[in-house]
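Following: one structure in structure tokens, then a few remarks.
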Protein chains: 12
Amino acid sequence: MDILVLNGPNLNWLGRRQTDIYGQLSLDEINQRLSELFPQVTLEFFQSNCEGELIDALQQAGDRVSGIVINPGALGHYSLALADALSALTIPVVEVHLTNVFAREQARQWTVTAASCRGYICGLGWQGYQLAIQSLLYILEEEN
Amino acid sequence: MDILVLNGPNLNWLGRRQTDIYGQLSLDEINQRLSELFPQVTLEFFQSNCEGELIDALQQAGDRVSGIVINPGALGHYSLALADALSALTIPVVEVHLTNVFAREQARQWTVTAASCRGYICGLGWQGYQLAIQSLLYILEEEN
Amino acid sequence: MDILVLNGPNLNWLGRRQTDIYGQLSLDEINQRLSELFPQVTLEFFQSNCEGELIDALQQAGDRVSGIVINPGALGHYSLALADALSALTIPVVEVHLTNVFAREQARQWTVTAASCRGYICGLGWQGYQLAIQSLLYILEEEN
Amino acid sequence: MDILVLNGPNLNWLGRRQTDIYGQLSLDEINQRLSELFPQVTLEFFQSNCEGELIDALQQAGDRVSGIVINPGALGHYSLALADALSALTIPVVEVHLTNVFAREQARQWTVTAASCRGYICGLGWQGYQLAIQSLLYILEEEN
Amino acid sequence: MDILVLNGPNLNWLGRRQTDIYGQLSLDEINQRLSELFPQVTLEFFQSNCEGELIDALQQAGDRVSGIVINPGALGHYSLALADALSALTIPVVEVHLTNVFAREQARQWTVTAASCRGYICGLGWQGYQLAIQSLLYILEEEN
Amino acid sequence: MDILVLNGPNLNWLGRRQTDIYGQLSLDEINQRLSELFPQVTLEFFQSNCEGELIDALQQAGDRVSGIVINPGALGHYSLALADALSALTIPVVEVHLTNVFAREQARQWTVTAASCRGYICGLGWQGYQLAIQSLLYILEEEN
Amino acid sequence: MDILVLNGPNLNWLGRRQTDIYGQLSLDEINQRLSELFPQVTLEFFQSNCEGELIDALQQAGDRVSGIVINPGALGHYSLALADALSALTIPVVEVHLTNVFAREQARQWTVTAASCRGYICGLGWQGYQLAIQSLLYILEEEN
Amino acid sequence: MDILVLNGPNLNWLGRRQTDIYGQLSLDEINQRLSELFPQVTLEFFQSNCEGELIDALQQAGDRVSGIVINPGALGHYSLALADALSALTIPVVEVHLTNVFAREQARQWTVTAASCRGYICGLGWQGYQLAIQSLLYILEEEN
Amino acid sequence: MDILVLNGPNLNWLGRRQTDIYGQLSLDEINQRLSELFPQVTLEFFQSNCEGELIDALQQAGDRVSGIVINPGALGHYSLALADALSALTIPVVEVHLTNVFAREQARQWTVTAASCRGYICGLGWQGYQLAIQSLLYILEEEN
Amino acid sequence: MDILVLNGPNLNWLGRRQTDIYGQLSLDEINQRLSELFPQVTLEFFQSNCEGELIDALQQAGDRVSGIVINPGALGHYSLALADALSALTIPVVEVHLTNVFAREQARQWTVTAASCRGYICGLGWQGYQLAIQSLLYILEEEN
Amino acid sequence: MDILVLNGPNLNWLGRRQTDIYGQLSLDEINQRLSELFPQVTLEFFQSNCEGELIDALQQAGDRVSGIVINPGALGHYSLALADALSALTIPVVEVHLTNVFAREQARQWTVTAASCRGYICGLGWQGYQLAIQSLLYILEEEN
Amino acid sequence: MDILVLNGPNLNWLGRRQTDIYGQLSLDEINQRLSELFPQVTLEFFQSNCEGELIDALQQAGDRVSGIVINPGALGHYSLALADALSALTIPVVEVHLTNVFAREQARQWTVTAASCRGYICGLGWQGYQLAIQSLLYILEEEN
């Protein structure tokens with residue numbers, strides 16, 4: 001089983017800046033932990049700071065993987081184009097944010113992509129990714 | 001280790017009405033599954049349709065359990081009093097909703113209690129509770 | 001045939017205060033008149049100032065009565081939890097307000113529970129209850 | 001006793017289009033039923049798609065009839081001029097809508113004419129007219 | 001010199017209802033007073049409750065009269081079509097309201113037609129018409 | 001094949017005023033050009049400044065013509081009654097505006113009737129009508 | 001009879017800047033014209049750029065003059081303190097603006113002081129003052 | 001003389017959590033201090049986390065005590081039902097908040113119950129209760 | 001100990017106008033009462049209708065007095081400059097309004113200066129000043 | 001004559017997903033049809049999911065082609081940068097959307113790029129492109 | 001060459017309070033530094049806490065100096081009267097704020113005076129004044 | 001010392017289009033002037049129309065240069081992702097806009113990236129870049 005773990009703008013910067021907010025782990029370290037935690041799943045990893053490349057990745061993955069975990073970063077709050085790409089998918093997608101966006105500033109209270117996903121997890125740090133993959137396994141198991 | 005699983009208004013009605021939206025399982029069945037899934041944890045269950053009783057439960061649990069999973073139901077969208085009770089807690093709390101509230105009507109887009117919790121999970125059905133408990137175990141392990 | 005007449009916060013105070021706004025009749029007097037006007041119907045009466053108890057009452061009545069008249073009082077303007085309980089019902093519900101809420105202050109222009117009911121009657125005083133029961137009889141007759 | 005039953009834009013189209021929303025009965029059939037149901041009342045019927053003609057009708061009826069039932073259709077959501085005409089009347093007026101406007105789209109949540117009426121009934125189909133006439137009879141009896 | 005005095009919805013009702021708000025004079029009495037006060041001007045009078053007829057009147061007057069006084073009544077707060085008709089005129093127009101609309105309810109604070117007129121007078125009762133005609137005479141004198 | 005070309009308030013004034021905004025052609029000239037451009041179609045033309053007459057025209061045309069082109073003028077921005085009439089039609093309707101309303105003032109950014117039409121064309125001058133008729137032919141051809 | 005003509009911020013600058021918007025006449029020239037036009041009235045003139053001094057002037061004039069014409073300039077759009085001073089007066093006040101504020105930018109659409117005045121005149125240039133004084137004479141004559 | 005001191009949700013938690021925001025004193029300690037400070041007054045104390053019980057308490061106290069001090073906690077920002085109960089009282093009520101709610105987050109800027117009280121005191125800690133009782137004594141003295 | 005009692009626009013008019021709203025006492029009478037009630041405190045009194053002079057007074061008092069009572073009048077609803085001056089102070093300030101501003105019109109619901117004060121008292125008439133001075137004494141006692 | 005047909009995010013996915021909303025044709029099929037329909041025009045086709053590449057394409061085309069058809073997809077609702085690029089062009093641009101965006105969800109009602117285009121066509125499926133090209137031919141013919 | 005450096009409310013307090021926000025330098029020290037940095041320019045300095053005096057200063061400077069640097073303090077967020085005075089000037093004006101107002105509270109996000117200035121500089125401390133004077137020199141050099 | 005000068009969408013088009021708004025100089029000419037004006041600084045220049053590439057550039061520059069000047073173009077009004085990238089930087093950043101965005105249309109009044117920068121300069125043309133670099137030199141000098 002293949003699952004795509006997609007990360008949006010600035011998430012390649014994890015562990016390097018504002019570690020008090022986003023945590024000490026780099027994105028590579030998170031990805032490695034996830035690979036170790038789910039040996040039975042083929043995890044694909046992709047990160048881009050560009051909205052268009054994330055849409056490309058979603059479109060290309062749609063036929064190849066069984067589910068997607070996406071952390072759209074700040075794009076989750078305004079990218080209607082990313083939301084459209086997510087709506088076009090028929091495989092389950094779970095959106096993840098490292099921080100509790102509801103406890104942050106006003107502009108982050110507005111969710112745009114979440115409505116196009118199956119589930120939404122935030123505030124649980126890097127383990128949010130682990131929970132998201134776990135939930136995809138539950139969904140895929142249940143629906144097959 | 002003790003974890004309180006708190007459910008708000010109308011969740012005692014699960015599995016009896018609108019099963020297309022909220023799923024086939026009753027709250028008792030969900031609770032039983034959770035108990036089976038986490039034999040190492042003492043799970044306490046409480047449900048009430050009354051905001052005041054939920055606040056009472058939160059206050060009383062604060063000193064006794066190690067973490068809380070709360071599904072505030074519709075109160076999550078307007079109960080500032082429940083949010084105050086959550087803010088007063090020092091143990092981790094994860095908010096869970098069965099459905100993807102962001103894909104539902106306008107009034108449910110406004111989150112009030114989420115900012116007072118550690119994490120937030122929605123749209124993943126009854127397994128949202130399972131993931132929430134799992135995330136509490138991660139948090140408690142990490143912080144101890 | 002059984003019909004539940006449910007009254008929310010402060011309606012137990014009818015006829016005692018602000019009679020220029022809400023009328024001279026007490027809730028008991030209204031209920032008695034309704035019983036006399038509909039001898040062929042078993043009317044159940046319940047009033048509570050507590051949102052949670054109103055939800056309890058709605059859930060318990062759902063399987064027992066054929067229709068519900070609800071005056072949610074001020075809860076009609078913000079209780080999304082009450083709206084959820086109403087949405088879960090499959091029997092017809094008619095919402096009643098004694099006063100014309102649209103001719104009152106700004107905060108009362110926002111209706112929350114009305115969308116979860118079959119019909120809505122306001123501004124017609126205690127006879128709004130009579131009309132609501134009458135309309136339930138029409139609906140039940142038509143659908144059976 | 002005379003009562004005017006006034007219908008606004010598109011209500012002459014009842015029973016011909018969108019019968020799933022507005023019901024199977026034509027306006028003529030509704031009017032006939034009302035006449036049969038209230039033999040003791042002289043019911044006058046008027047319908048127009050033109051805001052100005054409705055205002056004309058309200059002004060002319062003001063001195064002649066004892067009460068008015070008005071279904072302003074969509075004008076109820078924006079016609080401040082119709083509201084002014086209603087405010088100028090001293091006889092009781094009850095506003096009726098066939099559908100539960102609160103369960104429909106956003107633009108229909110804004111009521112403009114309702115504040116100028118005595119009572120408001122919606123969501124109860126053609127029988128809303130019957131209830132409105134009945135309520136006028138109650139009001140007229142009580143005030144005389 | 002010809003000036004059109006145009007009155008919108010419900011102004012034919014002046015002096016008959018709500019005289020505490022709108023004054024004791026009927027529209028005919030006001031018009032007669034205006035004719036007497038400005039013997040050197042040919043005053044044309046037109047009133048309609050219908051937005052469309054008011055637009056017709058504006059279009060037809062555009063080439064015949066030298067200036068227009070308009071009291072659009074409630075249409076002044078929402079009729080963008082009337083505003084369009086006014087914008088198309090090249091002769092000066094002064095909008096008049098009998099009452100001080102800024103001291104009335106919220107919905108009347110929104111002006112739509114005023115931006116398409118030269119001047120605006122409100123709150124000065126029937127003499128607002130007199131002042132409006134006088135101001136048109138000033139404008140016409142100055143511009144010729 | 002019959003197509004109704006319906007024009008709302010102030011469009012009878014085309015070519016006479018504000019020709020820098022709306023163009024030099026009169027409505028008659030536009031209509032004549034359309035007739036010449038579509039000799040195979042029976043084009044009916046109707047214009048009114050009155051919302052009610054436009055609704056009348058829509059209702060009467062509904063059974064007689066195969067499609068409708070409507071330029072509601074300013075009514076397109078607030079006439080929910082016109083929108084209702086359009087929603088009741090089962091034949092295709094295309095809304096046309098001569099100017100690019102999105103490049104004009106704030107009040108014209110709010111579209112009310114467009115949601116009840118099949119398509120929407122603006123900013124392309126009198127040829128917007130030509131394109132609208134052409135698009136109706138495409139639609140009718142495809143669906144028959 | 002005494003009437004105070006009060007001018008707010010920047011009106012001392014009339015005739016010196018932006019004469020395309022506000023006209024060629026200086027405030028002194030306007031005041032002189034007004035004195036000549038109303039020889040039977042003792043006109044007092046006061047101008048200040050300071051909100052506080054305008055309030056002082058209103059308070060001191062309240063017992064001395066019979067009516068007030070005020071052009072609050074931009075303060076008319078936000079000075080609730082000036083509005084309070086106006087509300088405390090029992091003599092009639094007419095607010096004047098040289099330009100048609102409704103045809104200007106968004107911020108000038110919000111009126112704050114107007115609700116505390118008897119009447120409101122805008123868009124009629126310096127003659128707006130003349131009309132305002134004239135209207136005060138009408139009011140004073142009628143009420144005495 | 002009897003005065004009811006009513007405390008809403010979470011105020012039973014005073015002195016136990018978030019003492020940097022709400023102070024070190026428990027509600028019992030505050031109540032005891034108040035009793036000592038006003039030996040001439042019979043102070044009744046009631047606290048509940050349940051909106052409905054607070055309404056019950058207000059209704060029952062209305063005929064028994066001479067004045068009420070209420071700290072509605074977070075309910076002060078959304079409970080229209082509590083506001084209704086307060087509006088029904090004829091004895092004076094003073095609302096108290098421990099913290100300066102205007103210096104806190106956005107959601108606490110919205111006051112709902114305050115308009116139904118005589119006075120409002122916030123930001124002055126536990127002594128806000130003392131001041132509120134003192135002010136009730138002033139009011140009662142003055143009005144008797 | 002010195003305390004400054006600062007009053008903003010229109011408060012010099014107390015007792016002279018609108019006594020049904022603001023009470024019968026003049027500002028001088030209030031000040032005299034306060035002096036008599038607090039013989040142990042040196043009370044300084046200052047009133048101005050000018051925002052700038054109030055800011056001057058706050059700045060000059062900052063180093064000289066131990067606390068400030070301010071009734072900013074209408075400036076409390078929009079003067080961000082006054083709020084800045086208050087924020088710069090390190091001594092405690094209590095804001096007072098004579099009337100319950102929450103029970104008044106919409107524009108008075110917006111508080112601007114309150115967030116920069118320690119406490120806020122409204123609706124308790126002239127005794128609000130007394131309570132404010134009393135609360136300053138509590139604060140100063142506690143903090144010294 | 002050259003015309004650029006520019007398509008934004010997710011339009012490369014046409015015909016593959018959500019064909020009930022967007023139609024059965026792929027973008028390639030649409031482009032091919034357009035080429036066949038306009039043999040006299042050299043049509044250039046470009047699609048990108050990336051806002052930046054669309055801006056690049058607009059800038060590069062500005063000097064080479066005679067007109068542009070753009071379907072900005074969801075970017076049309078928020079990309080102010082794309083709007084800036086369109087505003088910088090002097091050749092005519094027509095914006096096209098396949099669906100009637102006004103009949104879709106709230107977020108799609110906000111148009112950002114449309115104001116920077118000459119014309120706007122939506123709701124007419126793939127033939128919207130054909131109409132847009134046709135309209136460009138009309139414009140270019142008229143202006144040359 | 002003369003340049004006026006104008007400072008609004010509370011800026012005379014610089015260096016005395018809230019030095020963590022506004023810096024350690026007093027306004028006199030800033031002014032002295034500026035005089036030393038631009039020996040070739042005659043710098044005039046004026047500060048007032050009063051909106052009216054700032055408008056006076058702008059009007060009087062308009063004919064005497066070649067450019068103006070203004071730090072309106074909090075008035076920049078609501079003083080439309082100051083904006084009017086700035087709009088009347090024909091010499092260049094640059095607005096300066098010491099702090100980055102966009103990173104501060106909500107109320108400071110609303111700019112009122114900035115639109116009436118040539119340029120705007122914020123967040124760069126006392127050197128913002130230096131940059132503003134420098135920019136005026138660039139502008140004056142370029143335009144002469 | 002190295003400083004990055006970063007330009008966003010459409011700024012590569014400077015000097016080619018809309019030169020009345022944005023000036024005659026091309027971006028290359030501006031950059032060259034800047035290099036000449038600051039010979040002691042190594043200026044790096046980068047422009048992209050793609051939000052993602054701008055974020056890439058910010059991340060890569062963070063460790064290499066001492067300060068950044070950014071003109072985000074229209075992205076400054078909505079790109080929360082760019083704001084995130086700016087917030088992650090520890091070196092000083094100054095945002096520049098060529099035009100006075102506050103004097104332009106509504107959509108440009110909303111600033112998103114500014115809050116994540118140290119300073120903000122607009123309306124001063126190409127010399128805004130010069131001032132921004134100068135201000136960075138001041139900041140770097142002061143902090144080292």
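Letters A, B, ... go to the chains of the structure tokens in the order shown; residues in each chain start at 1; ligands are counted from 1 in the same order.
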
Can you list every residue of chain A that has an atom at most 6 Å from chain L, with its nearest atom pair and the distance in Å to one decimal, using only C-alpha atoms, ordered by chain then number, as JSON lines?
{"residue": "A:Arg17", "atom": "CA", "partner": "L:Ala88", "partner_atom": "CA", "distance": 5.7}
{"residue": "A:Asn49", "atom": "CA", "partner": "L:Gly52", "partner_atom": "CA", "distance": 4.4}
{"residue": "A:Cys50", "atom": "CA", "partner": "L:Gly52", "partner_atom": "CA", "distance": 3.8}
{"residue": "A:Ala74", "atom": "CA", "partner": "L:Ala81", "partner_atom": "CA", "distance": 4.9}

Tell me which protein, DNA and RNA residues are within 12 Å of J:Phe38, counting only C-alpha atoms, leaving out same-chain ones fewer than 2 positions away, and put them as a VMD selection string. chain J and resid 1 to 3 31 to 36 40 to 44 129 to 134 136 to 137

Take the selection from the previous step and output its residues with C-alpha atoms, as a PDB file, in the first residue's frame.
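Dumped everything to part-v5.pdb:
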ATOM      1  CA  MET J   1      -4.042  36.510 -35.907  1.00  0.00           C
ATOM      2  CA  ASP J   2      -2.861  34.889 -32.712  1.00  0.00           C
ATOM      3  CA  ILE J   3      -4.919  34.283 -29.602  1.00  0.00           C
ATOM      4  CA  ASN J  31      -8.420  22.827 -27.456  1.00  0.00           C
ATOM      5  CA  GLN J  32      -8.649  20.671 -30.554  1.00  0.00           C
ATOM      6  CA  ARG J  33     -12.296  21.617 -31.078  1.00  0.00           C
ATOM      7  CA  LEU J  34     -11.410  25.268 -30.726  1.00  0.00           C
ATOM      8  CA  SER J  35      -8.632  24.921 -33.327  1.00  0.00           C
ATOM      9  CA  GLU J  36     -11.076  23.324 -35.709  1.00  0.00           C
ATOM     10  CA  GLN J  40      -8.390  31.416 -39.426  1.00  0.00           C
ATOM     11  CA  VAL J  41      -6.858  32.059 -35.995  1.00  0.00           C
ATOM     12  CA  THR J  42      -3.570  30.745 -34.631  1.00  0.00           C
ATOM     13  CA  LEU J  43      -4.533  29.508 -31.196  1.00  0.00           C
ATOM     14  CA  GLU J  44      -1.803  29.060 -28.629  1.00  0.00           C
ATOM     15  CA  TYR J 129     -14.132  29.229 -24.738  1.00  0.00           C
ATOM     16  CA  GLN J 130     -15.629  29.311 -28.228  1.00  0.00           C
ATOM     17  CA  LEU J 131     -17.776  32.322 -27.331  1.00  0.00           C
ATOM     18  CA  ALA J 132     -14.799  34.057 -25.766  1.00  0.00           C
ATOM     19  CA  ILE J 133     -12.679  33.623 -28.888  1.00  0.00           C
ATOM     20  CA  GLN J 134     -15.611  34.791 -30.978  1.00  0.00           C
ATOM     21  CA  LEU J 136     -12.267  38.649 -29.150  1.00  0.00           C
ATOM     22  CA  LEU J 137     -12.669  38.523 -32.910  1.00  0.00           C
TER      23      LEU J 137
END

Among chain F, which residues does DSSP mark as helix (DSSP H, G or I) when it is run on the backbone? Keep the chain and numbering as in the structure and answer as a PyMOL selection string. chain F and resi 11-13+19-22+27-37+51-61+73-77+80-87+101-103+106-109+114-116+127-143

What does the distance between atom CA of F:Thr111 and atom CA of J:Ile121 come to in Å, to one decimal place?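 Distance reported for this atom pair: 14.1 Å.
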
Just list as a list in words whatever in chain K DSSP marks as strand (DSSP E).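 The strand (DSSP E) residues within chain K come out as Asp2, Ile3, Leu4, Val5, Leu6, Asn7, Thr42, Leu43, Glu44, Phe45, Phe46, Gln47, Gly67, Ile68, Val69, Ile70, Asn71, Val93, Val94, Glu95, Val96, His97, Gly119, Tyr120, Ile121 and Cys122 of chain K.
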
Would you write out those residues with N, CA, C and O atoms, as a tab-separated table (two decimals), in the first residue's frame?
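Written output follows (result08.tsv):
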chain	number	residue	atom	x	y	z
K	2	ASP	N	12.68	74.63	3.62
K	2	ASP	CA	12.04	74.39	4.92
K	2	ASP	C	11.19	73.12	4.89
K	2	ASP	O	10.46	72.88	3.92
K	3	ILE	N	11.30	72.36	5.93
K	3	ILE	CA	10.47	71.17	6.07
K	3	ILE	C	9.87	71.17	7.48
K	3	ILE	O	10.58	71.43	8.46
K	4	LEU	N	8.57	70.91	7.54
K	4	LEU	CA	7.90	70.85	8.85
K	4	LEU	C	7.86	69.40	9.32
K	4	LEU	O	7.45	68.51	8.57
K	5	VAL	N	8.26	69.19	10.56
K	5	VAL	CA	8.16	67.86	11.18
K	5	VAL	C	7.07	67.94	12.24
K	5	VAL	O	7.26	68.58	13.28
K	6	LEU	N	5.94	67.30	11.96
K	6	LEU	CA	4.74	67.46	12.77
K	6	LEU	C	4.49	66.16	13.54
K	6	LEU	O	4.46	65.09	12.96
K	7	ASN	N	4.28	66.29	14.85
K	7	ASN	CA	4.01	65.10	15.65
K	7	ASN	C	2.68	65.22	16.39
K	7	ASN	O	2.39	66.27	16.96
K	42	THR	N	16.11	73.77	6.73
K	42	THR	CA	15.54	74.38	7.93
K	42	THR	C	14.38	73.53	8.40
K	42	THR	O	13.34	73.47	7.74
K	43	LEU	N	14.59	72.84	9.49
K	43	LEU	CA	13.53	71.97	10.00
K	43	LEU	C	12.71	72.73	11.04
K	43	LEU	O	13.26	73.31	11.98
K	44	GLU	N	11.39	72.73	10.84
K	44	GLU	CA	10.49	73.28	11.85
K	44	GLU	C	9.87	72.11	12.59
K	44	GLU	O	9.48	71.12	11.98
K	45	PHE	N	9.73	72.26	13.91
K	45	PHE	CA	9.16	71.15	14.69
K	45	PHE	C	7.90	71.63	15.39
K	45	PHE	O	7.87	72.73	15.96
K	46	PHE	N	6.88	70.80	15.37
K	46	PHE	CA	5.66	71.12	16.10
K	46	PHE	C	5.02	69.83	16.58
K	46	PHE	O	4.95	68.85	15.83
K	47	GLN	N	4.58	69.87	17.83
K	47	GLN	CA	3.86	68.71	18.36
K	47	GLN	C	2.63	69.21	19.08
K	47	GLN	O	2.65	70.26	19.72
K	67	GLY	N	7.87	70.83	2.25
K	67	GLY	CA	7.44	69.44	2.44
K	67	GLY	C	7.14	69.21	3.91
K	67	GLY	O	7.56	70.00	4.77
K	68	ILE	N	6.43	68.15	4.20
K	68	ILE	CA	6.03	67.88	5.58
K	68	ILE	C	6.24	66.41	5.91
K	68	ILE	O	5.92	65.53	5.11
K	69	VAL	N	6.79	66.18	7.12
K	69	VAL	CA	6.84	64.83	7.69
K	69	VAL	C	5.83	64.82	8.82
K	69	VAL	O	5.89	65.68	9.70
K	70	ILE	N	4.89	63.90	8.82
K	70	ILE	CA	3.90	63.85	9.87
K	70	ILE	C	3.84	62.48	10.51
K	70	ILE	O	3.78	61.46	9.82
K	71	ASN	N	3.91	62.48	11.84
K	71	ASN	CA	3.61	61.27	12.60
K	71	ASN	C	2.32	61.57	13.34
K	71	ASN	O	2.33	62.21	14.40
K	93	VAL	N	3.90	65.20	1.38
K	93	VAL	CA	3.86	64.83	2.80
K	93	VAL	C	4.20	63.34	2.92
K	93	VAL	O	3.74	62.54	2.12
K	94	VAL	N	5.02	63.02	3.90
K	94	VAL	CA	5.32	61.60	4.18
K	94	VAL	C	4.88	61.29	5.61
K	94	VAL	O	5.24	62.01	6.54
K	95	GLU	N	4.07	60.23	5.75
K	95	GLU	CA	3.61	59.83	7.08
K	95	GLU	C	4.60	58.84	7.69
K	95	GLU	O	5.08	57.93	7.01
K	96	VAL	N	4.90	59.02	8.96
K	96	VAL	CA	5.85	58.15	9.65
K	96	VAL	C	5.22	57.60	10.92
K	96	VAL	O	4.50	58.32	11.62
K	97	HIS	N	5.46	56.32	11.19
K	97	HIS	CA	5.14	55.75	12.50
K	97	HIS	C	6.38	55.06	13.03
K	97	HIS	O	7.09	54.39	12.27
K	119	GLY	N	3.85	59.41	0.73
K	119	GLY	CA	4.50	58.16	1.11
K	119	GLY	C	4.22	57.81	2.55
K	119	GLY	O	3.64	58.61	3.31
K	120	TYR	N	4.62	56.61	2.93
K	120	TYR	CA	4.30	56.08	4.26
K	120	TYR	C	5.46	55.20	4.70
K	120	TYR	O	5.90	54.31	3.97
K	121	ILE	N	5.96	55.44	5.92
K	121	ILE	CA	7.08	54.68	6.45
K	121	ILE	C	6.75	54.28	7.88
K	121	ILE	O	6.37	55.13	8.69
K	122	CYS	N	6.88	53.00	8.20
K	122	CYS	CA	6.65	52.61	9.59
K	122	CYS	C	7.58	51.50	10.03
K	122	CYS	O	8.13	50.76	9.20

Can you work out the spacing between atom CA of K:Pro92 and atom CA of K:Ser66 in Å, to one decimal?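 According to the coordinates, atom CA of K:Pro92 and atom CA of K:Ser66 are separated by 7.5 Å.
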
Atom CA of A:Asp20 to atom CA of B:Ala115, distance in Å rounded to a single decimal: 17.8 Å

Who sits within 7 Å of B:Gly125, only C-alpha atoms, same chain under 2 positions skipped, as a PyMOL selection string: chain B and resi 98-99+123+127-128
